[in-house]
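Okay, coords05.cif now, which holds mmCIF, C-alpha atoms:
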```
data_query
#
loop_
_atom_site.group_PDB
_atom_site.id
_atom_site.type_symbol
_atom_site.label_atom_id
_atom_site.label_comp_id
_atom_site.auth_asym_id
_atom_site.auth_seq_id
_atom_site.Cartn_x
_atom_site.Cartn_y
_atom_site.Cartn_z
ATOM 1 C CA MET U 22 48.151 -89.307 10.865
ATOM 2 C CA SER U 23 49.730 -86.809 13.193
ATOM 3 C CA TYR U 24 53.243 -85.515 12.683
ATOM 4 C CA SER U 25 54.345 -86.588 16.155
ATOM 5 C CA TYR U 26 53.035 -90.112 15.578
ATOM 6 C CA LEU U 27 55.087 -90.411 12.399
ATOM 7 C CA LEU U 28 58.201 -89.289 14.265
ATOM 8 C CA ILE U 29 57.547 -91.868 16.966
ATOM 9 C CA ILE U 30 56.971 -94.602 14.369
ATOM 10 C CA CYS U 31 60.298 -93.810 12.664
ATOM 11 C CA LEU U 32 62.064 -93.861 16.028
ATOM 12 C CA LEU U 33 60.421 -97.158 17.020
ATOM 13 C CA MET U 34 61.432 -98.763 13.712
ATOM 14 C CA MET U 35 65.053 -97.681 14.273
ATOM 15 C CA ILE U 36 64.986 -99.028 17.837
ATOM 16 C CA THR U 37 63.458 -102.310 16.656
ATOM 17 C CA ILE U 38 66.203 -102.823 14.082
ATOM 18 C CA ALA U 39 68.846 -101.982 16.691
ATOM 19 C CA LEU U 40 67.403 -104.450 19.203
ATOM 20 C CA VAL U 41 67.086 -107.240 16.632
ATOM 21 C CA MET U 42 70.666 -106.727 15.504
ATOM 22 C CA TYR U 43 71.887 -106.659 19.110
ATOM 23 C CA TYR U 44 70.011 -109.885 19.830
ATOM 24 C CA LEU U 45 71.491 -111.512 16.727
ATOM 25 C CA GLY U 46 74.911 -110.222 17.764
ATOM 26 C CA THR U 47 74.686 -111.890 21.151
ATOM 27 C CA LYS U 48 73.328 -115.146 19.736
ATOM 28 C CA ILE U 49 74.963 -115.528 16.321
ATOM 29 C CA SER U 50 77.885 -113.235 15.533
ATOM 30 C CA TYR U 51 79.651 -110.208 16.956
ATOM 31 C CA ASN U 52 79.543 -108.582 13.509
ATOM 32 C CA TYR U 53 75.861 -107.797 14.011
ATOM 33 C CA ILE U 54 76.773 -105.713 17.051
ATOM 34 C CA LEU U 55 79.674 -104.117 15.200
ATOM 35 C CA TYR U 56 77.466 -102.958 12.337
ATOM 36 C CA ASN U 57 74.461 -102.171 14.550
ATOM 37 C CA ALA U 58 74.922 -98.404 14.720
ATOM 38 C CA SER U 59 75.517 -97.876 11.021
ATOM 39 C CA VAL U 60 72.643 -100.128 9.933
ATOM 40 C CA SER U 61 70.176 -98.735 12.482
ATOM 41 C CA VAL U 62 70.922 -95.098 11.744
ATOM 42 C CA GLY U 63 71.093 -95.804 8.000
ATOM 43 C CA SER U 64 67.666 -97.420 8.109
ATOM 44 C CA GLY U 65 66.483 -94.451 10.158
ATOM 45 C CA VAL U 66 67.668 -92.136 7.399
ATOM 46 C CA ILE U 67 65.685 -94.186 4.873
ATOM 47 C CA PHE U 68 62.565 -94.304 7.078
ATOM 48 C CA PHE U 69 62.776 -90.587 7.713
ATOM 49 C CA ALA U 70 63.291 -89.802 4.015
ATOM 50 C CA VAL U 71 60.188 -91.839 3.175
ATOM 51 C CA LYS U 72 58.279 -89.997 5.913
ATOM 52 C CA MET U 73 59.416 -86.674 4.490
ATOM 53 C CA ILE U 74 58.322 -87.629 0.981
ATOM 54 C CA VAL U 75 54.939 -88.905 2.127
ATOM 55 C CA THR U 76 54.140 -85.908 4.331
ATOM 56 C CA MET U 77 55.665 -83.188 2.140
ATOM 57 C CA ASP U 78 52.335 -81.730 1.015
ATOM 58 C CA THR U 79 50.429 -82.044 4.280
ATOM 59 C CA ILE U 80 52.753 -80.385 6.790
ATOM 60 C CA GLY U 81 53.659 -76.777 7.357
ATOM 61 C CA SER U 82 56.927 -74.956 6.827
ATOM 62 C CA ILE U 83 58.028 -75.314 10.463
ATOM 63 C CA GLU U 84 57.667 -79.091 10.298
ATOM 64 C CA GLN U 85 59.512 -79.190 6.972
ATOM 65 C CA THR U 86 62.385 -77.203 8.482
ATOM 66 C CA LEU U 87 62.425 -79.544 11.461
ATOM 67 C CA ASP U 88 62.390 -82.553 9.111
ATOM 68 C CA MET U 89 65.343 -81.218 7.144
ATOM 69 C CA SER U 90 67.356 -80.524 10.293
ATOM 70 C CA ILE U 91 66.614 -84.006 11.667
ATOM 71 C CA MET U 92 67.515 -85.545 8.302
ATOM 72 C CA VAL U 93 70.843 -83.692 8.179
ATOM 73 C CA LEU U 94 71.586 -84.686 11.781
ATOM 74 C CA LEU U 95 70.778 -88.346 11.050
ATOM 75 C CA ALA U 96 72.950 -88.288 7.922
ATOM 76 C CA ILE U 97 75.896 -86.824 9.866
ATOM 77 C CA ILE U 98 75.479 -89.429 12.614
ATOM 78 C CA TRP U 99 75.260 -92.165 9.973
ATOM 79 C CA VAL U 100 78.521 -91.060 8.329
ATOM 80 C CA ILE U 101 80.233 -90.975 11.735
ATOM 81 C CA ALA U 102 78.879 -94.471 12.522
ATOM 82 C CA LEU U 103 80.195 -95.768 9.186
ATOM 83 C CA ILE U 104 83.635 -94.295 9.860
ATOM 84 C CA GLU U 105 83.616 -95.820 13.343
ATOM 85 C CA THR U 106 82.557 -99.219 11.977
ATOM 86 C CA PHE U 107 85.268 -99.242 9.330
ATOM 87 C CA THR U 108 87.852 -98.119 11.869
ATOM 88 C CA VAL U 109 86.940 -100.922 14.268
ATOM 89 C CA GLU U 110 86.891 -103.425 11.406
ATOM 90 C CA ILE U 111 90.362 -102.359 10.277
ATOM 91 C CA MET U 112 91.702 -102.485 13.837
ATOM 92 C CA GLU U 113 90.306 -105.967 14.419
ATOM 93 C CA ASN U 114 91.059 -107.476 11.028
ATOM 94 C CA GLY U 115 93.970 -105.299 9.947
ATOM 95 C CA ARG U 116 96.421 -108.145 9.498
ATOM 96 C CA GLU U 117 93.984 -110.173 7.427
ATOM 97 C CA ILE U 118 93.180 -107.163 5.257
ATOM 98 C CA LYS U 119 96.886 -106.452 4.811
ATOM 99 C CA GLN U 120 97.549 -110.076 3.791
ATOM 100 C CA TYR U 121 94.674 -109.954 1.351
ATOM 101 C CA MET U 122 95.937 -106.689 -0.135
ATOM 102 C CA LYS U 123 99.318 -108.342 -0.708
ATOM 103 C CA THR U 124 97.713 -111.248 -2.576
ATOM 104 C CA VAL U 125 95.532 -109.064 -4.832
ATOM 105 C CA PRO U 126 98.383 -108.066 -7.212
ATOM 106 C CA VAL U 127 99.434 -111.706 -7.458
ATOM 107 C CA MET U 128 95.872 -112.701 -8.320
ATOM 108 C CA ILE U 129 95.670 -109.938 -10.912
ATOM 109 C CA LYS U 130 98.933 -111.069 -12.512
ATOM 110 C CA THR U 131 97.679 -114.658 -12.810
ATOM 111 C CA ILE U 132 94.604 -113.598 -14.793
ATOM 112 C CA GLU U 133 95.395 -113.209 -18.444
ATOM 113 C CA MET U 134 93.522 -110.549 -20.354
ATOM 114 C CA LYS U 135 92.761 -112.951 -23.203
ATOM 115 C CA GLU U 136 90.832 -115.280 -20.891
ATOM 116 C CA ILE U 137 88.478 -112.649 -19.442
ATOM 117 C CA PRO U 138 85.916 -112.789 -22.327
ATOM 118 C CA PHE U 139 85.876 -116.600 -22.143
ATOM 119 C CA ILE U 140 85.379 -116.539 -18.360
ATOM 120 C CA ALA U 141 82.561 -114.009 -18.722
ATOM 121 C CA ALA U 142 80.911 -116.032 -21.498
ATOM 122 C CA LYS U 143 81.206 -119.201 -19.427
ATOM 123 C CA SER U 144 79.583 -117.603 -16.382
ATOM 124 C CA PHE U 145 76.875 -116.026 -18.558
ATOM 125 C CA HIS U 146 76.173 -119.409 -20.154
ATOM 126 C CA SER U 147 75.855 -121.098 -16.765
ATOM 127 C CA LEU U 148 73.465 -118.373 -15.605
ATOM 128 C CA SER U 149 71.370 -118.703 -18.753
ATOM 129 C CA VAL U 150 71.192 -122.480 -18.320
ATOM 130 C CA LYS U 151 70.015 -122.021 -14.733
ATOM 131 C CA ALA U 152 67.434 -119.471 -15.861
ATOM 132 C CA LYS U 153 66.186 -121.814 -18.591
ATOM 133 C CA THR U 154 65.737 -124.669 -16.116
ATOM 134 C CA ILE U 155 63.784 -122.382 -13.810
ATOM 135 C CA LEU U 156 61.623 -121.212 -16.699
ATOM 136 C CA VAL U 157 61.026 -124.798 -17.808
ATOM 137 C CA LYS U 158 59.959 -125.707 -14.283
ATOM 138 C CA ASN U 159 57.644 -122.713 -14.242
ATOM 139 C CA LYS U 160 56.172 -123.705 -17.635
ATOM 140 C CA HIS U 161 55.512 -127.206 -16.320
ATOM 141 C CA THR U 162 53.882 -125.883 -13.181
ATOM 142 C CA ILE U 163 51.722 -123.538 -15.257
ATOM 143 C CA LYS U 164 50.640 -126.464 -17.453
ATOM 144 C CA ILE U 165 49.871 -128.534 -14.371
ATOM 145 C CA GLN U 166 47.908 -125.686 -12.813
ATOM 146 C CA LYS U 167 45.902 -125.225 -16.027
ATOM 147 C CA TRP U 168 45.220 -128.955 -16.175
ATOM 148 C CA ILE U 169 44.091 -128.975 -12.535
ATOM 149 C CA SER U 170 41.821 -125.971 -13.058
ATOM 150 C CA GLU U 171 40.270 -127.602 -16.160
ATOM 151 C CA TYR U 172 39.817 -130.835 -14.219
ATOM 152 C CA ASN U 173 38.119 -128.957 -11.368
ATOM 153 C CA LYS U 174 35.794 -127.189 -13.804
ATOM 154 C CA ASN U 175 34.707 -130.513 -15.314
#
```
Translate the structure of the given file into structure tokens.
Amino acid sequence: MSYSYLLIICLLMMITIALVMYYLGTKISYNYILYNASVSVGSGVIFFAVKMIVTMDTIGSIEQTLDMSIMVLLAIIWVIALIETFTVEIMENGREIKQYMKTVPVMIKTIEMKEIPFIAAKSFHSLSVKAKTILVKNKHTIKIQKWISEYNKN
């Protein structure tokens, strides 16, 4: 595949993610629009990194230099978009964040250090019970599938 086609594919994937997030932002929640730039450019960084890894051996030194410069530019834009997103989030929800930060020390004081191992063991036990029920269901479905396959053979 040509180098220019790969660049266009990466750009189209970034644009597609941006348009989907904008559409979801207009229909579902404003947060999708708020995080649109950081998610789109971040996914572009990932797409471009994958493109660089895949085409590392097949392209020349000029293309590799161009890839590195584009990657650095995308990373800088992504960091700026993240800073902008966090700034807007703090400006919009600053009071809520401040209230939450005031309640965190109170929540920490209410948790006793002696209870932490018991809480962790309790949550681990509940997760293991859920996993066992899923495994049991899977064992039953495997038995049923084996029975059906034996029935179909006969």
| Spatial neighbours of range 69-82 of chain U, 8 Å, only C-alpha atoms, chain gap at least 2 places, as a ChimeraX atom specification | /U:24,27,31,65-67,84-86,88,92
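Residue membership of the PyMOL selection byres ((chain U and resi 102-118) around 7) in the shown file amounts to Leu55, Tyr56, Ala58, Ser59, Ile98, Trp99, Val100, Ile101, Lys119, Gln120, Tyr121 and Met122 of chain U.
Here CA of Val60 in chain U is placed at a distance of 17.3 Å from CA of Ile91 in chain U.
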Show me, as AutoDock Vina command-line options, the centre and edge lengths in Å to one decimal of the axis-aligned box that covers every listed atom of range 102-121 of chain U with 3 Å on each side.
```
--center_x 88.2 --center_y -102.2 --center_z 7.9 --size_x 24.7 --size_y 21.9 --size_z 19.1
```
| request: Write out as a PyMOL selection string which residues come within 7 Å of Met42 in chain U when counting all atoms listed in the file, dropping same-chain ones fewer than 3 positions away. | output: chain U and resi 38-39+45-46+53-54+57
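As for CA of Tyr51 in chain U and CA of Leu94 in chain U, they are spaced 27.3 Å apart.
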| task | Could you check how far CA of Val41 in chain U sits from CA of Ser23 in chain U, in Å to one decimal? | result | 27.0 Å
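Closest approach to Val62 in chain U among U:Val125, U:Ile137, U:Met35, U:Leu40: U:Met35, based on only C-alpha atoms.
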